[in-house]
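See structure below.
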Amino acid sequence: MDFIKIQGKWQKKWEDAKLFESNEGSKKKKFYCLEMFPYPSASGLHMGHARNYIIGDIYSRFKRMNGFNVLYPMGYDALGLPAENAAIKAGTHPRKFTEDAINNFIKQQKEIGLSYDWSRMLKTCDPEYYRWNQYFFLKLYEKGLVYRKKAPVNWCPKCNTVLANEQVHNGKCWRHKDTSVEIKHLEQWFIKTTAYADELLEMTDALDWPERIKLMQKNWIGKSYGTDIDFEINGKKWSIFTTRPDTIYGVTFMVVSAQHPRLMELVTKEQKKGVEAFLKKIKSTSEKDIEELEKEGAFTGSYAVNPLTKDKIPVYAGNFVIAEYGSGMVMAVPAHDQRDFEFAKKYKIPIKQVIAPTFITNAGHDAVRKDKPTSARDSAIGIVKHWKEDKYFVLDWKEFSWKSFVIGGIEKGETPEEAVVREVKEETGYQDIKSVKPIGFEIHTKFFARHKDVNRHGKFKTFLVELGSDKYKKPEEEHTKNHIGKWLEKEKISGYINLEDNKFLWEAYTKGESAYTEEGTLVNSGEFNGINSREAIDEISKHLEKKKLGKRTLQYKLRDWLVSRQRYWGTPIPFVYCDKCGLVPVPEKELPIILPENVKFGEGNPLETNKEFVNAKCPKCGGKARRETDTMDTFFDSSWYFLRFCDNKNSKEPFAKEKVKFWMPVDLYVGGAEHACMHLIYARFFVKALRDLGLLKFNEPFTKLYNQGMLHGTDGFVMSKSRGNVVLPEEISKKYGIDTARVFLMFVASPDKDMLWDDKGISGCSKFMNKVISLFEKKITNEKDSLLESKTNRTIKEVTEKIESMQYNVALIDLMELVKFLSSRETVTMQSIESLLLILSPFCPHVCEELWEKLGNRGFIASEKWPSYDEKKINLESEYLEDIIANTKSDVITVLELAKIEKPKEIKLFVSDDWKYKLYKLVVDKLKETRDVGVIQKAVMATELKKFGKDIIRMIPRIIENPPKIVLNQEKELKKIKESKERIENEFKCKVEVVKEADSKEQKARQALPGKPAIIIS
RNA sequence: GCGGGGGUAGCGAAGCCUGGCCAAACGCGCAGGACUUAAGAUCCUGUUCCUUAGUGGAUCCGAGGGUUCAAAUCCCUUCCCCCGCACCA
């Protein structure tokens, strides 16, 4: 079969017949299937794209055949940076560049056989499309969802323009490799996406989307409850957001974002140089870049006043604080936040513990008792280190079954150090204390002290006590009567110690210091000492509110959408700056504001080089005005394109409401997880905003989302032009035909998993295609064959279910099995072969159309009805019997090999005795109730089978271990094997005899089991 | 750093949610055989190790623990890889 020829033939026929065009008039149920539209890059469409579109195509074809009115459109996200880069580098106009790329894409997509409704195609670079961007922008502005604010941008002084993060390489401009990028703050347009943060978050759960995407969105929106606290700096109030007001007494410094617009207000003359040097290290506004830098900062010279302690604390500029999140400044609590901890260590800032890890005994004799009073006690724990070896002193408390380090109370007038030294001397006897160093944290415990009949709240200061020598004085009886002490190797300590607080201490000591970020008891926190830190969050917030020093608030990680770009190839933002009236929106009737073709590239913002464009009239006063030269982020275009597909030729409005009502929401949206957060959030936001503008009547754009996995090249990285690891569909198509490529892409891996491109396996799919084609050389008969019927019906059933759930790879395996089965037969039936073609056609549509025509059909297979299956015809029994024959054959081969028989004379097959079938059945039934061998044995022995007791005892465990799916009877099995006798004879070219086990005296015949006849070869 | 996903036989990849039918589908590769003058194509069989007339056993799903009568599957720890992080789209 000439694949190339038939591909062209059917692609043309489909197009001529307008087969895939959809309309709103149909009475069928609608189905809107959409793939994320591509940015048409110059390098064209590679296998990664192809995989994406084939997923949607198969589903669309499947749904059409199942009687749905399917809308399956394609468009191009045509505005954007690469076209502009090409203009600067290669001198091509972005429009030409884009048009060429789109035409190439369309050609490639048609060659893949995708069943798009091409009449609905759209390109976002057409004024007929982007005029509606401008329209929506104005609508959002009217709604108060658009505002302006300063934001940091990458600036190249040589290009005299703003750079995208992508255009910044290692802090240098992409065109001027010797020029460092500067961070500038410019007025930018923002859209208030946060106005919908709550709704976006709440509606996430109900979506039929992959859980991981929903999770990512939730984390991206990132709702957290916290408190805004006012800190005074240089006499001015700075409000900061924190989720941990409980740690406010532990604040030892503040960090303001390096990108904070008001940073310089805080920097004193003396520190200016230092801060500026620090800021230079920031290479771009990209968060990824910033986060990859070491956590660094520079002292601003200013001090903040802690509103509760009134302490003066230094303010640093830091590269790990995000300017847009919260207030762009954080209070740093190094004792209880790991990042702050590391920062404090680095800059030698004090660390102040305000939360003590607290270990509460909740069970056993020592469990805290609510009915008893609590008494607090200051104590000390000492980890005592051996003078020579790496050993530590531990105590075994006989009465309490505690195993601990040296513990003791702090007496009146004693310092904790003095106490621990005294305790060590008294309890261990060793007298030569070389050093006493505090470790980590104060630790609290709460338990019921039986001997005192009170709840004890122990507050432990913790120390490492190193001994200098073995100088020893026998301890007094009074101190040692409760416990035995001994030295233990370092490795054995964690297995030995059994008090949680001691264990914790040991870990802190061995792993080195770190911040304690868990819950605990407040210490060093004035009036809040002693309360639980979780409760303290509330308590301290209330306190701050009462004193008007702060208030509880909600915070989202989601930020408002910065939509303006200082670039040419985008939608002009419809505003002018009038000398008199200021910022004025362009009236709707003046839209579209056409992007001028005539501009210069590479010298600042191209739009500013076209005077006609820039010089405008003020719509309000008619006076002189300057047109806005910022354009829109291309995410704006992609936030509503799915609506335009419903009515892409409307020149009066963005879409007719009734058409959108008919098609929307999208029933299946297919795309990569890389859009999990941004595009999908913006699109959801847009729909909600348009709904509130009265343009839509639904809440969510995409009912079901399907994430295809990423295709990796042979180097293991995502297939992309820039990686240089792309494979083009044409290459494979030329060699094997596009249908083979389609089957291969869908067969190798589940569509939602990442997969590695490896064209070695494609020969398997090529063989499969050939097998399908060769089926048509077989004689087609009308014979009734239950096995054939069963396999066909079962395959229809499984393939239908698997396409529905988009497990295409598994569906193809079922199809391959059916084809293999059909190939092995002399004849096939019309019903089976037609069904096969129909359920195969979504995967390889061209070949199936061709074969369908060959069968004498006139219409398109693509518009045929999906075959139904008859559950009653699925006959597991006959399939199982067929399996027995296959297994028997394989067993014969094994025996031949093992026994080194080259030319067998006779093969005898013994079918198992009937009682064994009865036994199997009984055991399989019993297995539903229990897996206990004894119980099953008893049950079997209670029946007439008892007389085979000896054999039964031996057989039951094996049956349990490997229970058969089906248990038939001797009669059926005998019949089947007798029927298959001839086949086996032909296969092994020798005589075959089939007998019942009982009719033979041969010892080997006793090996026969249900489903597994005994074999003797001579 | 934060967030998400993954690691299964020589390779690609199912299975994991909902534990047992799992030495683990399917394809490639490799080996043997059939057909053929031969090659290719096609078909059949095998493909962890030991053992064996079709059997039985050991080890096994990144590593290490745990739960369970039973773990690729559930839980914890750990290593490695990939993806996203707001001006790439």
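In the structure tokens, the first chain shown is A, the next is B, and so on; residue numbers restart at 1 for each chain, and ligands run from 1 in the order shown.
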
With the cut-off set at 12 Å and counting only C-alpha atoms (C1' of nucleotides), tabulate each residue of chain B with an atom at most that distance from an atom of chain A, showing the nearest atom pair and its distance in Å to one decimal, ordered by chain and increasing number, as a tab-separated table.
residue	atom	partner	partner_atom	distance
B:G1	C1'	A:Glu291	CA	5.8
B:C2	C1'	A:Glu291	CA	9.0
B:G3	C1'	A:Met216	CA	6.7
B:G4	C1'	A:Met216	CA	6.3
B:G5	C1'	A:Arg212	CA	8.3
B:G6	C1'	A:Asp754	CA	8.8
B:C11	C1'	A:Asp758	CA	9.2
B:G12	C1'	A:Val748	CA	6.9
B:A13	C1'	A:Ala749	CA	5.8
B:A14	C1'	A:Val810	CA	7.6
B:G15	C1'	A:Val810	CA	11.3
B:C17	C1'	A:Glu211	CA	11.3
B:G20	C1'	A:Glu961	CA	8.7
B:C21	C1'	A:Pro963	CA	6.4
B:C22	C1'	A:Asn962	CA	10.9
B:A25	C1'	A:Ile813	CA	8.7
B:C26	C1'	A:Ile813	CA	5.9
B:G27	C1'	A:Gly764	CA	6.0
B:C28	C1'	A:Gly761	CA	4.6
B:G29	C1'	A:Lys760	CA	8.9
B:G32	C1'	A:Glu897	CA	10.8
B:G33	C1'	A:Ile893	CA	10.6
B:A34	C1'	A:Glu987	CA	9.8
B:A41	C1'	A:Lys767	CA	10.1
B:U42	C1'	A:Lys771	CA	10.0
B:C43	C1'	A:Ser824	CA	9.0
B:C44	C1'	A:Glu987	CA	9.3
B:U45	C1'	A:Ser890	CA	7.6
B:G46	C1'	A:Thr894	CA	9.5
B:U51	C1'	A:Leu898	CA	11.9
B:U52	C1'	A:Leu898	CA	8.2
B:A53	C1'	A:Val895	CA	4.9
B:G54	C1'	A:Asp891	CA	4.4
B:U55	C1'	A:Gln1007	CA	10.3
B:G56	C1'	A:Arg958	CA	11.7
B:C69	C1'	A:Arg931	CA	8.4
B:A70	C1'	A:Arg931	CA	10.1
B:C81	C1'	A:Gly716	CA	9.5
B:C82	C1'	A:Phe717	CA	7.8
B:C83	C1'	A:Glu674	CA	7.3
B:G84	C1'	A:Glu674	CA	5.9
B:C85	C1'	A:Lys288	CA	6.2
B:A86	C1'	A:Met678	CA	7.3
B:C87	C1'	A:Ala164	CA	4.2
B:C88	C1'	A:Glu166	CA	6.3
B:A89	C1'	A:Tyr39	CA	6.3

List the spatial neighbours of stretch 58-68 of chain B as a tab-separated table (two decimals) with N, CA, C and O atoms (P, O5', C5', C4', C3', O3' and C1' of nucleotides), in the first residue's frame - criterion: any atom at most 6 Å away, only C-alpha atoms (C1' of nucleotides), same-chain residues fewer than 4 positions off excluded.
chain	number	residue	atom	x	y	z
B	7	G	P	7.92	5.56	38.13
B	7	G	O5'	9.50	5.55	38.05
B	7	G	C5'	10.15	5.28	36.80
B	7	G	C4'	11.64	5.22	37.05
B	7	G	C3'	12.10	3.91	37.69
B	7	G	O3'	13.24	3.41	37.00
B	7	G	C1'	12.79	5.79	39.00
B	8	U	P	13.01	2.46	35.82
B	8	U	O5'	12.12	1.33	36.48
B	8	U	C5'	12.66	0.48	37.48
B	8	U	C4'	11.88	-0.79	37.52
B	8	U	C3'	11.95	-1.64	36.25
B	8	U	O3'	13.12	-2.44	36.24
B	8	U	C1'	9.71	-1.47	36.93
B	72	A	P	6.32	-7.09	45.81
B	72	A	O5'	6.69	-5.96	44.75
B	72	A	C5'	7.70	-5.00	45.05
B	72	A	C4'	7.46	-3.73	44.29
B	72	A	C3'	6.29	-2.90	44.81
B	72	A	O3'	6.73	-1.98	45.78
B	72	A	C1'	6.09	-3.23	42.46

Item to complete: as a ChimeraX atom specification, please: all residues of stretch 527-677 of chain A that backbone DSSP puts in strand (DSSP E or B).
Response: /A:532,550-556,561-562,564-565,572,575-578,582-585,615-617,624-627,631-632,666,668-672

Worksheet item: What are the DSSP helix (DSSP H, G or I) residues of stretch 269-310 of chain A, as a PyMOL selection string?
Response: chain A and resi 269-280+287-292

Would you put the residues from that selection into a file with all heavy atoms, as a short mmCIF file (atom, residue, chain, number, x, y, z; two decimals), in the first residue's frame?
data_model
loop_
_atom_site.label_atom_id
_atom_site.label_comp_id
_atom_site.auth_asym_id
_atom_site.auth_seq_id
_atom_site.Cartn_x
_atom_site.Cartn_y
_atom_site.Cartn_z
N LYS A 269 23.07 56.88 53.85
CA LYS A 269 24.22 57.31 53.04
C LYS A 269 25.39 56.34 53.17
O LYS A 269 26.00 55.93 52.20
CB LYS A 269 24.68 58.69 53.53
CG LYS A 269 24.22 59.80 52.62
CD LYS A 269 24.91 61.10 53.03
CE LYS A 269 24.00 62.28 52.75
NZ LYS A 269 24.17 63.38 53.69
N GLU A 270 25.66 55.97 54.43
CA GLU A 270 26.83 55.13 54.69
C GLU A 270 26.72 53.76 54.02
O GLU A 270 27.71 53.16 53.64
CB GLU A 270 27.02 54.90 56.21
CG GLU A 270 27.28 56.16 57.02
CD GLU A 270 25.99 56.95 57.25
OE1 GLU A 270 24.93 56.33 57.44
OE2 GLU A 270 26.04 58.20 57.19
N GLN A 271 25.48 53.28 53.92
CA GLN A 271 25.30 51.92 53.42
C GLN A 271 25.00 51.86 51.93
O GLN A 271 24.89 50.79 51.36
CB GLN A 271 24.14 51.23 54.18
CG GLN A 271 24.37 51.13 55.67
CD GLN A 271 25.60 50.31 56.01
OE1 GLN A 271 26.00 49.41 55.29
NE2 GLN A 271 26.26 50.68 57.11
N LYS A 272 24.85 53.03 51.31
CA LYS A 272 24.40 53.07 49.92
C LYS A 272 25.29 52.22 49.01
O LYS A 272 24.79 51.43 48.19
CB LYS A 272 24.38 54.51 49.44
CG LYS A 272 23.40 54.68 48.30
CD LYS A 272 23.11 56.12 47.98
CE LYS A 272 22.19 56.14 46.77
NZ LYS A 272 22.13 57.41 46.10
N LYS A 273 26.57 52.40 49.18
CA LYS A 273 27.51 51.68 48.31
C LYS A 273 27.33 50.17 48.44
O LYS A 273 27.28 49.45 47.45
CB LYS A 273 28.95 52.03 48.71
CG LYS A 273 29.59 53.00 47.75
CD LYS A 273 31.08 53.07 48.04
CE LYS A 273 31.82 53.77 46.95
NZ LYS A 273 33.20 54.10 47.39
N GLY A 274 27.25 49.76 49.68
CA GLY A 274 27.12 48.32 49.94
C GLY A 274 25.86 47.75 49.33
O GLY A 274 25.87 46.69 48.70
N VAL A 275 24.77 48.46 49.51
CA VAL A 275 23.49 47.97 48.98
C VAL A 275 23.54 47.94 47.46
O VAL A 275 23.09 46.98 46.82
CB VAL A 275 22.32 48.84 49.49
CG1 VAL A 275 21.03 48.46 48.78
CG2 VAL A 275 22.17 48.69 51.00
N GLU A 276 24.11 48.98 46.88
CA GLU A 276 24.16 49.01 45.42
C GLU A 276 25.00 47.87 44.86
O GLU A 276 24.66 47.25 43.85
CB GLU A 276 24.68 50.37 44.93
CG GLU A 276 23.52 51.37 44.86
CD GLU A 276 23.96 52.80 44.64
OE1 GLU A 276 25.20 53.05 44.58
OE2 GLU A 276 23.07 53.66 44.54
N ALA A 277 26.10 47.60 45.55
CA ALA A 277 26.95 46.50 45.11
C ALA A 277 26.18 45.18 45.20
O ALA A 277 26.25 44.33 44.31
CB ALA A 277 28.20 46.42 45.98
N PHE A 278 25.41 45.06 46.25
CA PHE A 278 24.60 43.86 46.43
C PHE A 278 23.54 43.75 45.32
O PHE A 278 23.33 42.68 44.74
CB PHE A 278 23.94 43.92 47.81
CG PHE A 278 22.75 43.04 47.96
CD1 PHE A 278 22.88 41.66 48.00
CD2 PHE A 278 21.47 43.59 48.05
CE1 PHE A 278 21.77 40.85 48.13
CE2 PHE A 278 20.35 42.78 48.18
CZ PHE A 278 20.51 41.41 48.22
N LEU A 279 22.91 44.86 45.01
CA LEU A 279 21.85 44.84 43.99
C LEU A 279 22.40 44.45 42.63
O LEU A 279 21.71 43.84 41.82
CB LEU A 279 21.17 46.21 43.91
CG LEU A 279 20.29 46.58 45.09
CD1 LEU A 279 19.69 47.96 44.90
CD2 LEU A 279 19.18 45.55 45.30
N LYS A 280 23.64 44.79 42.40
CA LYS A 280 24.25 44.47 41.09
C LYS A 280 24.32 42.97 40.85
O LYS A 280 24.38 42.52 39.72
CB LYS A 280 25.67 45.06 41.05
CG LYS A 280 25.69 46.54 40.74
CD LYS A 280 26.62 46.84 39.57
CE LYS A 280 26.32 48.19 38.97
NZ LYS A 280 27.15 49.26 39.48
N GLU A 287 12.43 35.05 38.97
CA GLU A 287 12.51 34.52 40.32
C GLU A 287 13.42 33.30 40.40
O GLU A 287 14.06 33.05 41.39
CB GLU A 287 11.13 34.13 40.81
CG GLU A 287 10.64 35.08 41.86
CD GLU A 287 9.16 35.12 41.88
OE1 GLU A 287 8.54 34.08 42.11
OE2 GLU A 287 8.62 36.22 41.65
N LYS A 288 13.41 32.56 39.31
CA LYS A 288 14.25 31.37 39.27
C LYS A 288 15.71 31.80 39.44
O LYS A 288 16.45 31.24 40.24
CB LYS A 288 14.07 30.67 37.93
CG LYS A 288 14.38 29.20 38.00
CD LYS A 288 14.60 28.57 36.64
CE LYS A 288 13.64 29.05 35.57
NZ LYS A 288 13.83 28.45 34.28
N ASP A 289 16.11 32.82 38.67
CA ASP A 289 17.48 33.32 38.76
C ASP A 289 17.79 33.81 40.16
O ASP A 289 18.85 33.54 40.72
CB ASP A 289 17.70 34.48 37.78
CG ASP A 289 17.73 33.99 36.34
OD1 ASP A 289 17.68 32.76 36.14
OD2 ASP A 289 17.79 34.83 35.44
N ILE A 290 16.84 34.56 40.71
CA ILE A 290 17.09 35.15 42.02
C ILE A 290 17.22 34.06 43.08
O ILE A 290 18.12 34.08 43.90
CB ILE A 290 15.94 36.12 42.38
CG1 ILE A 290 15.98 37.32 41.42
CG2 ILE A 290 16.09 36.60 43.82
CD1 ILE A 290 14.77 38.21 41.49
N GLU A 291 16.35 33.08 42.97
CA GLU A 291 16.36 32.02 43.98
C GLU A 291 17.60 31.16 43.87
O GLU A 291 18.00 30.52 44.82
CB GLU A 291 15.11 31.16 43.85
CG GLU A 291 13.83 31.83 44.31
CD GLU A 291 13.72 31.89 45.82
OE1 GLU A 291 14.59 31.34 46.50
OE2 GLU A 291 12.76 32.51 46.30
N GLU A 292 18.16 31.11 42.67
CA GLU A 292 19.36 30.31 42.51
C GLU A 292 20.59 30.97 43.13
O GLU A 292 21.59 30.31 43.38
CB GLU A 292 19.60 30.02 41.02
CG GLU A 292 18.86 28.75 40.60
CD GLU A 292 18.73 28.61 39.09
OE1 GLU A 292 19.41 29.36 38.36
OE2 GLU A 292 17.94 27.76 38.67
#

Worksheet item: What is the atom CA of A:Lys873 to atom CA of A:Gln831 distance in Å?
Response: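 Separating atom CA of A:Lys873 from atom CA of A:Gln831 is a distance of 12.9 Å.
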
Discussion item. Give me the residues near A:Pro729 as an MDAnalysis selection string, where near means some atom within 8 Å (using only C-alpha atoms (C1' of nucleotides)) and where sequence neighbours in that chain fewer than 6 positions away do not count.
Written reply: chainID A and resid 45:47 50 112 738 741

Fill in: Distance in Å - atom CA of A:Cys125 versus atom CA of A:Pro572
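The value is 11.1 Å.
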
Worksheet item: Leaving out A:Ala376 and any residue of its chain fewer than 4 positions from it, which residues lie within 8 Å of it when counting only C-alpha atoms (C1' of nucleotides), given as a PyMOL selection string?
Response: chain A and resi 456-459

Worksheet entry | Distance query A:Lys486 at most 7 Å, only C-alpha atoms (C1' of nucleotides), self and fewer than 5 positions along chain excluded, as a VMD selection string | chain A and resid 393 to 395

Prev. selection, N, CA, C and O atoms, output as a CSV table (one decimal), in the first residue's frame:
chain,number,residue,atom,x,y,z
A,393,PHE,N,27.8,9.4,78.2
A,393,PHE,CA,27.4,8.8,79.5
A,393,PHE,C,25.8,8.8,79.5
A,393,PHE,O,25.2,9.9,79.3
A,394,VAL,N,25.3,7.6,79.7
A,394,VAL,CA,23.8,7.5,79.8
A,394,VAL,C,23.3,6.9,81.1
A,394,VAL,O,24.1,6.2,81.7
A,395,LEU,N,22.1,7.2,81.4
A,395,LEU,CA,21.5,6.7,82.7
A,395,LEU,C,20.4,5.8,82.4
A,395,LEU,O,19.5,6.1,81.5

Worksheet item: What does the distance between atom CA of A:Gly671 and atom CA of A:Asp637 come to in Å, to one decimal place?
Response: 16.6 Å

Worksheet item: Which of these, A:Val168, A:Leu745, A:Val354, A:Ala939, has the shortest distance to A:Glu442 once you count only C-alpha atoms?
Response: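 Closest to A:Glu442, using only C-alpha atoms: A:Val354.
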